[in-house]
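Printed here is entry16.txt (compact mmCIF, C-alpha atoms (C1' of nucleotides)):
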```
# COMPACT_ATOMS: atom_id res chain seq x y z
CA MET A 417 61.12 406.23 59.01
CA PRO A 418 57.62 407.15 57.77
CA THR A 419 55.72 404.87 55.42
CA ASN A 420 56.15 407.20 52.47
CA GLU A 421 59.88 407.05 52.78
CA LEU A 422 59.89 403.26 53.05
CA HIS A 423 57.74 403.26 49.95
CA THR A 424 60.26 405.41 48.13
CA ARG A 425 63.19 403.25 49.21
CA LEU A 426 61.50 400.17 47.84
CA ARG A 427 60.78 401.84 44.51
CA GLU A 428 64.30 403.17 44.25
CA SER A 429 65.58 399.65 44.73
CA GLY A 430 63.50 398.47 41.82
CA LEU A 431 60.81 396.75 43.89
CA ARG A 432 57.07 397.26 43.87
CA ALA A 433 56.05 398.97 47.07
CA THR A 434 53.53 396.51 48.42
CA ARG A 435 51.91 396.66 51.83
CA GLN A 436 53.72 393.46 52.86
CA ARG A 437 57.20 394.67 51.91
CA THR A 438 56.60 397.99 53.59
CA LEU A 439 55.50 396.23 56.77
CA VAL A 440 58.51 393.90 56.94
CA TYR A 441 61.05 396.56 56.06
CA GLY A 442 59.48 399.09 58.42
CA LEU A 443 59.39 396.56 61.23
CA LEU A 444 63.05 395.61 60.87
CA ARG A 445 64.12 399.24 60.74
CA ARG A 446 62.01 400.08 63.76
CA VAL A 447 62.95 397.24 66.09
CA GLY A 448 66.50 396.62 64.92
CA GLY A 449 68.43 393.47 65.72
CA HIS A 450 68.57 390.09 64.04
CA HIS A 451 65.39 388.17 63.30
CA SER A 452 64.48 384.83 61.81
CA VAL A 453 61.56 384.49 59.42
CA ASP A 454 59.61 382.88 62.21
CA ASP A 455 60.36 385.83 64.50
CA LEU A 456 59.06 388.18 61.88
CA VAL A 457 55.87 386.20 61.31
CA CYS A 458 55.16 386.35 65.05
CA LEU A 459 56.03 390.02 65.43
CA LEU A 460 53.78 390.91 62.51
CA ALA A 461 50.93 388.81 63.85
CA ASP A 462 51.30 390.44 67.25
CA SER A 463 51.18 393.88 65.68
CA GLY A 464 47.83 393.08 64.09
CA GLU A 465 49.16 392.78 60.53
CA PRO A 466 49.62 389.05 59.99
CA LEU A 467 51.43 387.90 56.86
CA SER A 468 51.79 384.37 55.59
CA ARG A 469 55.07 382.58 56.20
CA MET A 470 55.63 382.16 52.49
CA THR A 471 55.19 385.88 51.97
CA VAL A 472 57.73 386.71 54.63
CA TYR A 473 60.21 384.31 53.02
CA ASN A 474 59.61 385.98 49.66
CA VAL A 475 59.86 389.48 51.08
CA VAL A 476 63.10 389.01 52.98
CA SER A 477 64.59 387.28 49.97
CA ASP A 478 63.59 390.15 47.67
CA LEU A 479 64.73 392.85 50.08
CA THR A 480 68.04 391.09 50.66
CA GLY A 481 68.58 390.82 46.93
CA ALA A 482 67.88 394.52 46.59
CA GLY A 483 70.39 395.33 49.30
CA LEU A 484 67.86 396.69 51.81
CA LEU A 485 68.36 393.82 54.23
CA MET A 486 71.36 391.77 55.28
CA GLN A 487 71.15 388.04 55.75
CA ALA A 488 73.32 386.37 58.37
CA ASP A 489 73.70 382.60 58.20
CA VAL A 490 74.67 381.75 61.72
CA GLY A 491 74.66 378.01 61.18
CA ALA A 492 72.41 374.94 60.94
CA GLY A 493 69.28 376.40 59.46
CA ARG A 494 69.50 379.69 61.29
CA ALA A 495 69.10 382.50 58.76
CA LEU A 496 68.66 385.90 60.39
CA TYR A 497 67.75 389.19 58.74
CA GLU A 498 68.42 392.77 59.72
CA ALA A 499 68.06 396.23 58.23
CA SER A 500 71.56 397.64 58.16
CA GLU A 501 73.25 400.43 56.28
CA THR A 502 76.75 399.06 56.52
CA TRP A 503 78.23 395.68 55.76
CA HIS A 504 79.39 393.92 58.90
CA HIS A 505 79.96 390.49 60.41
CA HIS A 506 78.64 388.42 63.29
CA PHE A 507 79.83 386.72 66.40
CA VAL A 508 77.85 383.67 67.55
CA CYS A 509 78.20 382.27 71.06
CA ARG A 510 78.75 378.52 71.01
CA SER A 511 76.93 378.18 74.27
CA CYS A 512 73.88 380.44 74.25
CA GLY A 513 73.62 381.24 70.53
CA THR A 514 73.60 384.99 71.06
CA VAL A 515 74.44 386.94 67.92
CA ILE A 516 76.49 390.12 68.18
CA ASP A 517 77.45 392.49 65.38
CA VAL A 518 81.15 392.78 64.61
CA PRO A 519 82.22 395.81 62.61
CA CYS A 520 83.86 395.20 59.27
CA ALA A 521 87.12 396.93 58.67
CA ARG A 522 86.18 398.02 55.18
CA GLY A 523 82.43 398.47 55.63
CA THR A 524 81.50 397.61 52.08
CA LYS A 525 81.17 394.35 50.19
CA PRO A 526 83.07 392.26 49.43
CA CYS A 527 84.95 393.31 52.52
CA LEU A 528 87.77 390.77 52.43
CA ASP A 529 90.35 390.56 49.75
CA ALA A 530 90.09 386.99 48.68
CA PRO A 531 93.29 385.22 47.80
CA SER A 532 94.10 385.92 44.19
CA GLY A 533 94.33 383.25 41.54
CA LEU A 534 90.83 381.80 41.85
CA GLU A 535 88.53 380.74 39.07
CA PHE A 536 85.40 382.54 40.19
CA SER A 537 84.14 386.04 40.96
CA ILE A 538 83.40 386.98 44.54
CA ASP A 539 80.93 389.72 45.41
CA GLU A 540 80.63 389.17 49.12
CA ALA A 541 82.55 387.68 52.03
CA GLN A 542 80.57 386.83 55.13
CA VAL A 543 82.47 386.13 58.33
CA ILE A 544 81.11 384.21 61.30
CA TYR A 545 83.17 384.43 64.46
CA ARG A 546 82.57 381.72 67.03
CA GLY A 547 83.52 381.51 70.65
CA PHE A 548 82.00 382.25 74.03
CA CYS A 549 80.26 385.44 75.02
CA HIS A 550 80.99 387.23 78.24
CA GLY A 551 78.22 385.47 80.12
CA CYS A 552 79.13 382.01 78.90
CA ARG A 553 82.91 382.02 79.28
CA ALA A 554 84.09 378.50 79.96
CA GLY A 555 87.08 376.54 78.64
CA ALA A 556 88.33 378.00 75.38
CA HIS A 557 89.85 381.48 75.62
CA SER A 558 91.82 383.15 72.91
CA PHE A 559 91.59 386.79 73.78
CA GLU A 560 89.45 389.12 75.75
CA ALA A 561 88.53 392.76 76.00
CA ARG A 562 85.68 395.21 76.53
CA SER A 563 82.33 395.75 74.93
CA THR A 564 80.96 397.78 72.04
CA GLU A 565 77.56 397.16 70.51
CA ARG A 566 75.16 394.33 71.08
CA HIS A 567 71.91 393.30 69.44
CA THR A 568 69.34 390.56 69.94
CA MET B 790 94.83 355.51 56.10
CA PRO B 791 94.48 352.02 57.61
CA THR B 792 91.87 351.27 60.24
CA ASN B 793 94.44 350.99 62.99
CA GLU B 794 95.66 354.47 62.36
CA LEU B 795 92.13 355.91 62.28
CA HIS B 796 91.58 354.14 65.55
CA THR B 797 94.65 355.75 67.02
CA ARG B 798 93.67 359.19 65.81
CA LEU B 799 90.30 358.89 67.47
CA ARG B 800 91.82 357.80 70.76
CA GLU B 801 94.39 360.57 70.64
CA SER B 802 91.58 363.06 70.22
CA GLY B 803 89.93 361.78 73.35
CA LEU B 804 87.19 359.81 71.63
CA ARG B 805 86.27 356.17 71.94
CA ALA B 806 87.20 354.36 68.77
CA THR B 807 83.86 352.91 67.77
CA ARG B 808 83.11 351.15 64.50
CA GLN B 809 80.76 353.97 63.48
CA ARG B 810 83.26 356.75 64.07
CA THR B 811 85.95 354.84 62.28
CA LEU B 812 83.67 354.31 59.30
CA VAL B 813 82.65 357.95 58.97
CA TYR B 814 86.12 359.34 59.51
CA GLY B 815 87.68 356.78 57.18
CA LEU B 816 85.10 357.49 54.50
CA LEU B 817 85.63 361.25 54.60
CA ARG B 818 89.39 360.85 54.45
CA ARG B 819 89.16 358.41 51.59
CA VAL B 820 86.68 360.21 49.33
CA GLY B 821 87.56 363.81 50.22
CA GLY B 822 85.31 366.73 49.43
CA HIS B 823 82.37 368.26 51.25
CA HIS B 824 79.45 366.09 52.35
CA SER B 825 76.14 366.63 54.07
CA VAL B 826 74.90 364.21 56.70
CA ASP B 827 72.46 362.85 54.17
CA ASP B 828 75.28 362.28 51.70
CA LEU B 829 77.18 360.33 54.30
CA VAL B 830 74.19 358.20 55.24
CA CYS B 831 73.77 357.25 51.56
CA LEU B 832 77.45 356.63 50.93
CA LEU B 833 77.66 354.39 53.97
CA ALA B 834 74.55 352.48 53.00
CA ASP B 835 75.94 352.00 49.48
CA SER B 836 79.19 350.66 50.89
CA GLY B 837 77.31 348.00 52.81
CA GLU B 838 77.82 349.56 56.24
CA PRO B 839 74.57 351.42 56.94
CA LEU B 840 74.44 353.71 59.96
CA SER B 841 71.40 355.46 61.36
CA ARG B 842 70.95 359.13 60.56
CA MET B 843 71.07 360.04 64.23
CA THR B 844 74.38 358.24 64.61
CA VAL B 845 75.89 360.12 61.70
CA TYR B 846 74.73 363.41 63.22
CA ASN B 847 76.30 362.41 66.52
CA VAL B 848 79.53 361.24 64.92
CA VAL B 849 80.16 364.30 62.77
CA SER B 850 79.35 366.50 65.73
CA ASP B 851 81.81 364.62 67.95
CA LEU B 852 84.55 364.51 65.33
CA THR B 853 84.12 368.19 64.57
CA GLY B 854 84.35 369.01 68.25
CA ALA B 855 87.54 366.97 68.46
CA GLY B 856 89.02 368.82 65.49
CA LEU B 857 89.15 365.82 63.16
CA LEU B 858 86.49 367.23 60.84
CA MET B 859 85.66 370.72 59.65
CA GLN B 860 82.10 371.91 59.39
CA ALA B 861 81.18 374.40 56.68
CA ASP B 862 77.86 376.20 57.03
CA VAL B 863 77.15 377.22 53.49
CA GLY B 864 73.73 378.65 54.22
CA ALA B 865 70.09 377.74 54.78
CA GLY B 866 70.32 374.35 56.40
CA ARG B 867 73.37 373.23 54.43
CA ALA B 868 75.97 371.95 56.83
CA LEU B 869 78.82 370.16 55.10
CA TYR B 870 81.63 368.15 56.64
CA GLU B 871 85.11 367.34 55.44
CA ALA B 872 88.30 365.78 56.78
CA SER B 873 90.94 368.45 56.48
CA GLU B 874 94.29 369.03 58.08
CA THR B 875 94.37 372.77 57.62
CA TRP B 876 91.86 375.48 58.40
CA HIS B 877 90.44 377.05 55.27
CA HIS B 878 87.37 378.78 53.90
CA HIS B 879 84.72 378.21 51.27
CA PHE B 880 83.35 379.81 48.17
CA VAL B 881 79.70 379.10 47.34
CA CYS B 882 78.28 379.77 43.90
CA ARG B 883 75.02 381.71 44.09
CA SER B 884 73.79 379.98 41.00
CA CYS B 885 74.71 376.30 41.17
CA GLY B 886 75.61 375.97 44.85
CA THR B 887 79.02 374.47 44.13
CA VAL B 888 81.38 374.67 47.09
CA ILE B 889 85.07 375.33 46.49
CA ASP B 890 87.85 375.45 49.06
CA VAL B 891 89.60 378.77 49.51
CA PRO B 892 92.96 378.69 51.26
CA CYS B 893 93.27 380.63 54.48
CA ALA B 894 96.18 383.00 54.74
CA ARG B 895 97.11 381.88 58.21
CA GLY B 896 96.06 378.23 58.07
CA THR B 897 95.20 377.90 61.74
CA LYS B 898 92.24 378.97 63.82
CA PRO B 899 91.11 381.59 64.53
CA CYS B 900 92.52 382.74 61.22
CA LEU B 901 91.28 386.32 61.24
CA ASP B 902 92.29 388.91 63.74
CA ALA B 903 88.97 390.11 65.01
CA PRO B 904 88.64 393.80 65.76
CA SER B 905 89.91 394.45 69.27
CA GLY B 906 87.74 395.80 72.03
CA LEU B 907 85.05 393.13 72.05
CA GLU B 908 83.42 391.56 75.07
CA PHE B 909 83.79 387.94 74.05
CA SER B 910 86.48 385.40 73.19
CA ILE B 911 86.77 384.18 69.62
CA ASP B 912 88.27 380.81 68.79
CA GLU B 913 87.33 380.53 65.14
CA ALA B 914 86.46 382.71 62.17
CA GLN B 915 84.67 381.05 59.30
CA VAL B 916 84.48 382.90 56.00
CA ILE B 917 81.93 382.23 53.27
CA TYR B 918 82.69 383.85 49.94
CA ARG B 919 79.74 384.20 47.59
CA GLY B 920 79.62 384.96 43.91
CA PHE B 921 79.47 383.10 40.64
CA CYS B 922 81.66 380.21 39.63
CA HIS B 923 83.36 380.01 36.29
CA GLY B 924 80.54 378.06 34.70
CA CYS B 925 77.79 380.30 36.02
CA ARG B 926 79.25 383.75 35.36
CA ALA B 927 76.44 386.22 34.82
CA GLY B 928 75.98 389.82 35.99
CA ALA B 929 78.05 390.57 39.09
CA HIS B 930 81.83 390.54 38.53
CA SER B 931 84.34 391.84 40.98
CA PHE B 932 87.52 390.15 39.91
CA GLU B 933 88.64 387.13 38.01
CA ALA B 934 91.61 384.81 37.66
CA ARG B 935 92.74 381.22 37.38
CA SER B 936 92.04 378.06 39.32
CA THR B 937 93.64 376.19 42.17
CA GLU B 938 91.93 373.36 43.97
CA ARG B 939 88.37 372.20 43.70
CA HIS B 940 86.29 369.71 45.64
CA THR B 941 82.74 368.40 45.44
C1' DT C 15 39.11 403.15 35.09
C1' DC C 16 41.22 399.30 32.93
C1' DT C 17 44.88 396.03 32.04
C1' DT C 18 48.57 393.16 33.05
C1' DA C 19 52.46 391.45 35.17
C1' DA C 20 53.99 390.95 39.65
C1' DA C 21 53.12 389.72 44.27
C1' DC C 22 50.43 387.35 47.92
C1' DT C 23 48.00 383.42 50.04
C1' DT C 24 47.05 378.76 50.95
C1' DG C 25 48.00 374.09 51.76
C1' DA C 26 50.84 370.33 51.07
C1' DC C 27 55.35 368.76 51.33
C1' DA C 28 60.64 368.10 51.51
C1' DA C 29 64.82 368.60 54.01
C1' DT C 30 67.31 369.10 58.05
C1' DG C 31 68.00 368.62 62.70
C1' DT C 32 66.70 367.24 67.74
C1' DA C 33 64.69 364.56 72.01
C1' DA C 34 64.22 360.63 74.83
C1' DA C 35 64.59 355.93 76.14
C1' DA C 36 66.19 351.39 75.49
C1' DA C 37 69.77 348.30 73.60
C1' DC C 38 74.56 347.83 72.92
C1' DA C 39 79.72 348.01 73.06
C1' DA C 40 84.51 350.05 74.20
C1' DA C 41 87.89 350.27 77.61
C1' DG C 42 89.56 349.61 82.01
C1' DT C 43 89.92 346.30 85.92
C1' DA C 44 89.80 342.07 88.55
C1' DT D 1013 89.08 336.14 79.99
C1' DA D 1014 85.01 337.82 82.15
C1' DC D 1015 82.94 341.77 84.45
C1' DT D 1016 81.54 346.45 85.06
C1' DT D 1017 80.90 351.04 83.97
C1' DT D 1018 80.00 354.59 81.14
C1' DG D 1019 79.62 356.38 76.78
C1' DT D 1020 77.57 355.30 72.18
C1' DT D 1021 74.17 353.75 69.00
C1' DT D 1022 69.60 352.86 67.56
C1' DT D 1023 64.79 353.70 67.08
C1' DT D 1024 60.84 356.39 66.92
C1' DA D 1025 58.64 360.52 67.05
C1' DC D 1026 58.75 365.19 66.37
C1' DA D 1027 60.23 370.25 65.63
C1' DT D 1028 62.02 373.57 62.61
C1' DT D 1029 63.08 375.61 58.35
C1' DG D 1030 62.36 376.23 53.82
C1' DT D 1031 60.07 375.16 49.05
C1' DC D 1032 56.42 374.09 45.32
C1' DA D 1033 52.39 374.95 42.76
C1' DA D 1034 47.84 376.80 41.86
C1' DG D 1035 44.65 380.30 42.42
C1' DT D 1036 43.59 385.06 43.99
C1' DT D 1037 44.73 389.75 44.65
C1' DT D 1038 46.99 394.15 43.79
C1' DA D 1039 50.47 397.82 42.30
C1' DA D 1040 51.60 400.67 38.57
C1' DG D 1041 51.23 402.47 34.17
C1' DA D 1042 48.19 403.54 30.11
```
Taking this structure as input, can you express it in the form of structure tokens?
Amino acid sequence: MPTNELHTRLRESGLRATRQRTLVYGLLRRVGGHHSVDDLVCLLADSGEPLSRMTVYNVVSDLTGAGLLMQADVGAGRALYEASETWHHHFVCRSCGTVIDVPCARGTKPCLDAPSGLEFSIDEAQVIYRGFCHGCRAGAHSFEARSTERHT
Amino acid sequence: MPTNELHTRLRESGLRATRQRTLVYGLLRRVGGHHSVDDLVCLLADSGEPLSRMTVYNVVSDLTGAGLLMQADVGAGRALYEASETWHHHFVCRSCGTVIDVPCARGTKPCLDAPSGLEFSIDEAQVIYRGFCHGCRAGAHSFEARSTERHT
DNA sequence: TCTTAAACTTGACAATGTAAAAACAAAGTA
DNA sequence: TACTTTGTTTTTACATTGTCAAGTTTAAGA
């Protein structure tokens, strides 16, 4: 996706199209996968366009709020970000920590029908599946099968 | 639940029944609700039985592994623990951070049927619902209703 | 070009979690 | 009951992740 288009996307989402936001969004769209803020800071530095850590935190927060990025909380201070068009979930391996996308049946938020009769409004349901990936199989089995997609 | 019984529970779960484990497990059963490690350290200190932070981390990790505690990752370095008999999920208010239990349709792990055709084994599916609680309602509504249970 | 509100940078700091080694204690056994 | 073994706890230091606040810079509209 060319810079102009990224620029347009940002504006359409109600955000100012700054160099920093364009860089982060462009990077995530280009490389794909799940990345922590620290990852992003390093990748940007390596690409010759270093941004401050605080800026990256602000940018991913803004882009997530605008719906351009998805945030996956895969436990204990591990927040990962990705540029994705469709709402989906994540599998996390208990052994090696690998994160794998898991398609969502509905594909749009809030995905799950929450039980009715609750005193609050839900706009999103995030599911984290845990278990052991193919490489780490050990103890605990509940079902098995064959592969689909895999990121980072 | 008397100390003897806590003791027995621990042994049955394959853990040594140490004073520290008994204290933490007993506390969580007695007070109920969701608590961070820091919470627990303070509560224990207040009750005149101080434990080191590291010990509390070890204990909750061991008890969670043994199935006596549930861990709820409610985002960005917020790991909460609770003593619960049945598997369930959590709602987190985007505004005030309040955590509310949400019953799970099945009540046992792994709760959700994951999409078939995946190259890994799932033993647990944790769902985090996000939105706004009754007190914080603002913008975003997707449905509403009446209350059930509420903790911490 | 000029103006202004929004965004970025910097540096210090808070919160959360982990590593390693030494002291200690639970549980089984003699 | 005393002994032994092995797992647990404690301490200290540190790594990681995220936040605050003040000052500077910049995007976007007039």
Counting all atoms listed in the file, the option among A:Leu460, A:Arg437, A:Gly513, A:Gly493 closest to chain B:
A:Gly493
Show me which bits of chain C are within 12 Å of chain B, counting all atoms listed in the file, as a ChimeraX atom specification.
/C:29-33,38-41
I want to know what sits within 7 Å of stretch 502-506 of chain A, based on all atoms listed in the file, with residues of the same chain fewer than 2 positions away left out; could you give that as a list in words?
Ser500, Val508, Val515, Ile516, Asp517, Val518, Pro519, Cys520, Gly523, Thr524, Lys525, Gln542, Val543, Ile544 and Tyr545 of chain A
Superposition of chain A onto chain B by least squares over all sequentially paired C-alpha atoms; the transformed chain is requested as a JSON list (two decimals) with C-alpha atoms, in the frame of the given file.
```json
[["chain", "number", "residue", "atom", "x", "y", "z"],
["A", 417, "MET", "CA", 94.84, 355.47, 56.10],
["A", 418, "PRO", "CA", 94.45, 351.96, 57.57],
["A", 419, "THR", "CA", 91.81, 351.23, 60.18],
["A", 420, "ASN", "CA", 94.35, 350.89, 62.97],
["A", 421, "GLU", "CA", 95.61, 354.37, 62.36],
["A", 422, "LEU", "CA", 92.10, 355.82, 62.28],
["A", 423, "HIS", "CA", 91.52, 354.02, 65.54],
["A", 424, "THR", "CA", 94.60, 355.61, 67.04],
["A", 425, "ARG", "CA", 93.64, 359.08, 65.83],
["A", 426, "LEU", "CA", 90.27, 358.79, 67.49],
["A", 427, "ARG", "CA", 91.79, 357.67, 70.78],
["A", 428, "GLU", "CA", 94.38, 360.41, 70.68],
["A", 429, "SER", "CA", 91.58, 362.92, 70.28],
["A", 430, "GLY", "CA", 89.93, 361.63, 73.40],
["A", 431, "LEU", "CA", 87.16, 359.69, 71.65],
["A", 432, "ARG", "CA", 86.21, 356.05, 71.95],
["A", 433, "ALA", "CA", 87.15, 354.27, 68.76],
["A", 434, "THR", "CA", 83.82, 352.82, 67.75],
["A", 435, "ARG", "CA", 83.07, 351.08, 64.48],
["A", 436, "GLN", "CA", 80.73, 353.92, 63.47],
["A", 437, "ARG", "CA", 83.25, 356.72, 64.07],
["A", 438, "THR", "CA", 85.95, 354.79, 62.28],
["A", 439, "LEU", "CA", 83.66, 354.27, 59.29],
["A", 440, "VAL", "CA", 82.65, 357.94, 58.99],
["A", 441, "TYR", "CA", 86.13, 359.30, 59.52],
["A", 442, "GLY", "CA", 87.68, 356.75, 57.18],
["A", 443, "LEU", "CA", 85.10, 357.48, 54.51],
["A", 444, "LEU", "CA", 85.64, 361.24, 54.62],
["A", 445, "ARG", "CA", 89.41, 360.83, 54.48],
["A", 446, "ARG", "CA", 89.14, 358.39, 51.61],
["A", 447, "VAL", "CA", 86.70, 360.22, 49.35],
["A", 448, "GLY", "CA", 87.57, 363.80, 50.26],
["A", 449, "GLY", "CA", 85.34, 366.74, 49.46],
["A", 450, "HIS", "CA", 82.41, 368.27, 51.29],
["A", 451, "HIS", "CA", 79.49, 366.12, 52.38],
["A", 452, "SER", "CA", 76.18, 366.65, 54.11],
["A", 453, "VAL", "CA", 74.94, 364.23, 56.74],
["A", 454, "ASP", "CA", 72.50, 362.90, 54.20],
["A", 455, "ASP", "CA", 75.33, 362.32, 51.72],
["A", 456, "LEU", "CA", 77.20, 360.37, 54.31],
["A", 457, "VAL", "CA", 74.21, 358.22, 55.24],
["A", 458, "CYS", "CA", 73.78, 357.30, 51.57],
["A", 459, "LEU", "CA", 77.47, 356.67, 50.94],
["A", 460, "LEU", "CA", 77.66, 354.42, 53.98],
["A", 461, "ALA", "CA", 74.53, 352.52, 52.99],
["A", 462, "ASP", "CA", 75.91, 352.04, 49.49],
["A", 463, "SER", "CA", 79.16, 350.70, 50.89],
["A", 464, "GLY", "CA", 77.27, 348.01, 52.79],
["A", 465, "GLU", "CA", 77.78, 349.55, 56.24],
["A", 466, "PRO", "CA", 74.56, 351.44, 56.92],
["A", 467, "LEU", "CA", 74.43, 353.73, 59.95],
["A", 468, "SER", "CA", 71.41, 355.49, 61.36],
["A", 469, "ARG", "CA", 70.96, 359.17, 60.57],
["A", 470, "MET", "CA", 71.08, 360.06, 64.24],
["A", 471, "THR", "CA", 74.38, 358.25, 64.61],
["A", 472, "VAL", "CA", 75.90, 360.12, 61.71],
["A", 473, "TYR", "CA", 74.76, 363.42, 63.23],
["A", 474, "ASN", "CA", 76.33, 362.41, 66.54],
["A", 475, "VAL", "CA", 79.54, 361.21, 64.93],
["A", 476, "VAL", "CA", 80.19, 364.27, 62.80],
["A", 477, "SER", "CA", 79.40, 366.48, 65.76],
["A", 478, "ASP", "CA", 81.84, 364.58, 67.99],
["A", 479, "LEU", "CA", 84.58, 364.46, 65.36],
["A", 480, "THR", "CA", 84.17, 368.15, 64.60],
["A", 481, "GLY", "CA", 84.42, 368.96, 68.28],
["A", 482, "ALA", "CA", 87.59, 366.91, 68.49],
["A", 483, "GLY", "CA", 89.08, 368.76, 65.55],
["A", 484, "LEU", "CA", 89.17, 365.76, 63.19],
["A", 485, "LEU", "CA", 86.53, 367.19, 60.88],
["A", 486, "MET", "CA", 85.70, 370.69, 59.70],
["A", 487, "GLN", "CA", 82.15, 371.90, 59.43],
["A", 488, "ALA", "CA", 81.23, 374.40, 56.73],
["A", 489, "ASP", "CA", 77.92, 376.21, 57.06],
["A", 490, "VAL", "CA", 77.23, 377.23, 53.51],
["A", 491, "GLY", "CA", 73.82, 378.69, 54.24],
["A", 492, "ALA", "CA", 70.15, 377.82, 54.82],
["A", 493, "GLY", "CA", 70.42, 374.45, 56.47],
["A", 494, "ARG", "CA", 73.40, 373.29, 54.47],
["A", 495, "ALA", "CA", 76.03, 371.98, 56.88],
["A", 496, "LEU", "CA", 78.87, 370.17, 55.12],
["A", 497, "TYR", "CA", 81.68, 368.16, 56.68],
["A", 498, "GLU", "CA", 85.16, 367.34, 55.47],
["A", 499, "ALA", "CA", 88.33, 365.76, 56.81],
["A", 500, "SER", "CA", 90.96, 368.45, 56.52],
["A", 501, "GLU", "CA", 94.32, 369.03, 58.11],
["A", 502, "THR", "CA", 94.38, 372.77, 57.66],
["A", 503, "TRP", "CA", 91.88, 375.48, 58.46],
["A", 504, "HIS", "CA", 90.46, 377.05, 55.33],
["A", 505, "HIS", "CA", 87.40, 378.81, 53.95],
["A", 506, "HIS", "CA", 84.77, 378.23, 51.29],
["A", 507, "PHE", "CA", 83.41, 379.80, 48.19],
["A", 508, "VAL", "CA", 79.76, 379.09, 47.36],
["A", 509, "CYS", "CA", 78.33, 379.75, 43.90],
["A", 510, "ARG", "CA", 75.09, 381.71, 44.09],
["A", 511, "SER", "CA", 73.83, 379.98, 41.02],
["A", 512, "CYS", "CA", 74.75, 376.30, 41.17],
["A", 513, "GLY", "CA", 75.68, 375.96, 44.86],
["A", 514, "THR", "CA", 79.08, 374.47, 44.14],
["A", 515, "VAL", "CA", 81.44, 374.67, 47.10],
["A", 516, "ILE", "CA", 85.13, 375.32, 46.52],
["A", 517, "ASP", "CA", 87.90, 375.45, 49.11],
["A", 518, "VAL", "CA", 89.64, 378.79, 49.56],
["A", 519, "PRO", "CA", 92.99, 378.72, 51.31],
["A", 520, "CYS", "CA", 93.31, 380.65, 54.53],
["A", 521, "ALA", "CA", 96.19, 383.02, 54.77],
["A", 522, "ARG", "CA", 97.11, 381.93, 58.27],
["A", 523, "GLY", "CA", 96.06, 378.28, 58.11],
["A", 524, "THR", "CA", 95.19, 377.96, 61.76],
["A", 525, "LYS", "CA", 92.21, 379.02, 63.83],
["A", 526, "PRO", "CA", 91.07, 381.61, 64.53],
["A", 527, "CYS", "CA", 92.51, 382.77, 61.25],
["A", 528, "LEU", "CA", 91.25, 386.35, 61.24],
["A", 529, "ASP", "CA", 92.24, 388.96, 63.70],
["A", 530, "ALA", "CA", 88.94, 390.15, 64.97],
["A", 531, "PRO", "CA", 88.59, 393.83, 65.67],
["A", 532, "SER", "CA", 89.83, 394.51, 69.16],
["A", 533, "GLY", "CA", 87.66, 395.90, 71.92],
["A", 534, "LEU", "CA", 84.97, 393.22, 71.97],
["A", 535, "GLU", "CA", 83.33, 391.67, 74.97],
["A", 536, "PHE", "CA", 83.71, 388.03, 74.03],
["A", 537, "SER", "CA", 86.40, 385.47, 73.19],
["A", 538, "ILE", "CA", 86.70, 384.23, 69.64],
["A", 539, "ASP", "CA", 88.22, 380.85, 68.84],
["A", 540, "GLU", "CA", 87.31, 380.57, 65.20],
["A", 541, "ALA", "CA", 86.45, 382.75, 62.22],
["A", 542, "GLN", "CA", 84.67, 381.08, 59.34],
["A", 543, "VAL", "CA", 84.50, 382.92, 56.03],
["A", 544, "ILE", "CA", 81.98, 382.24, 53.28],
["A", 545, "TYR", "CA", 82.72, 383.87, 49.96],
["A", 546, "ARG", "CA", 79.80, 384.22, 47.58],
["A", 547, "GLY", "CA", 79.68, 384.97, 43.91],
["A", 548, "PHE", "CA", 79.53, 383.09, 40.64],
["A", 549, "CYS", "CA", 81.73, 380.21, 39.63],
["A", 550, "HIS", "CA", 83.40, 380.01, 36.28],
["A", 551, "GLY", "CA", 80.58, 378.03, 34.72],
["A", 552, "CYS", "CA", 77.83, 380.27, 36.04],
["A", 553, "ARG", "CA", 79.25, 383.72, 35.35],
["A", 554, "ALA", "CA", 76.41, 386.13, 34.75],
["A", 555, "GLY", "CA", 75.84, 389.71, 35.92],
["A", 556, "ALA", "CA", 77.91, 390.49, 38.99],
["A", 557, "HIS", "CA", 81.68, 390.53, 38.45],
["A", 558, "SER", "CA", 84.18, 391.86, 40.90],
["A", 559, "PHE", "CA", 87.38, 390.19, 39.87],
["A", 560, "GLU", "CA", 88.56, 387.21, 37.97],
["A", 561, "ALA", "CA", 91.54, 384.95, 37.62],
["A", 562, "ARG", "CA", 92.67, 381.35, 37.20],
["A", 563, "SER", "CA", 92.02, 378.15, 39.04],
["A", 564, "THR", "CA", 93.59, 376.27, 41.93],
["A", 565, "GLU", "CA", 91.85, 373.46, 43.76],
["A", 566, "ARG", "CA", 88.28, 372.31, 43.53],
["A", 567, "HIS", "CA", 86.22, 369.80, 45.48],
["A", 568, "THR", "CA", 82.68, 368.46, 45.33]]
```
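Any residue of chain D with an atom no more than 10 Å from chain B counts as a contact; using only C-alpha atoms (C1' of nucleotides), that gives DG1019, DT1020, DT1021, DT1022, DT1023, DT1029 and DG1030 of chain D.
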Which residue out of A:Val490, A:Cys512, A:Ala499, A:Leu443 has the minimum interatomic distance to chain B when only C-alpha atoms are used?
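Once distances to chain B are computed over only C-alpha atoms, the minimum belongs to A:Val490.
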I'd like to know which of A:Val457, A:Ile538, A:Val476, A:Cys509 is closest to chain B, using all atoms listed in the file.
A:Ile538
Pick from B:Arg883, B:Gly924, B:Asp912, B:Val813, whichever lies nearest to chain A using only C-alpha atoms:
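Checking each candidate against chain A, we get B:Asp912 as the closest.
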Report as a ChimeraX atom specification all protein, DNA and RNA residues lying within 9 Å of D:DT1037, evaluated on all atoms listed in the file, omitting residues in the same chain fewer than 6 positions from it.
/C:21-23
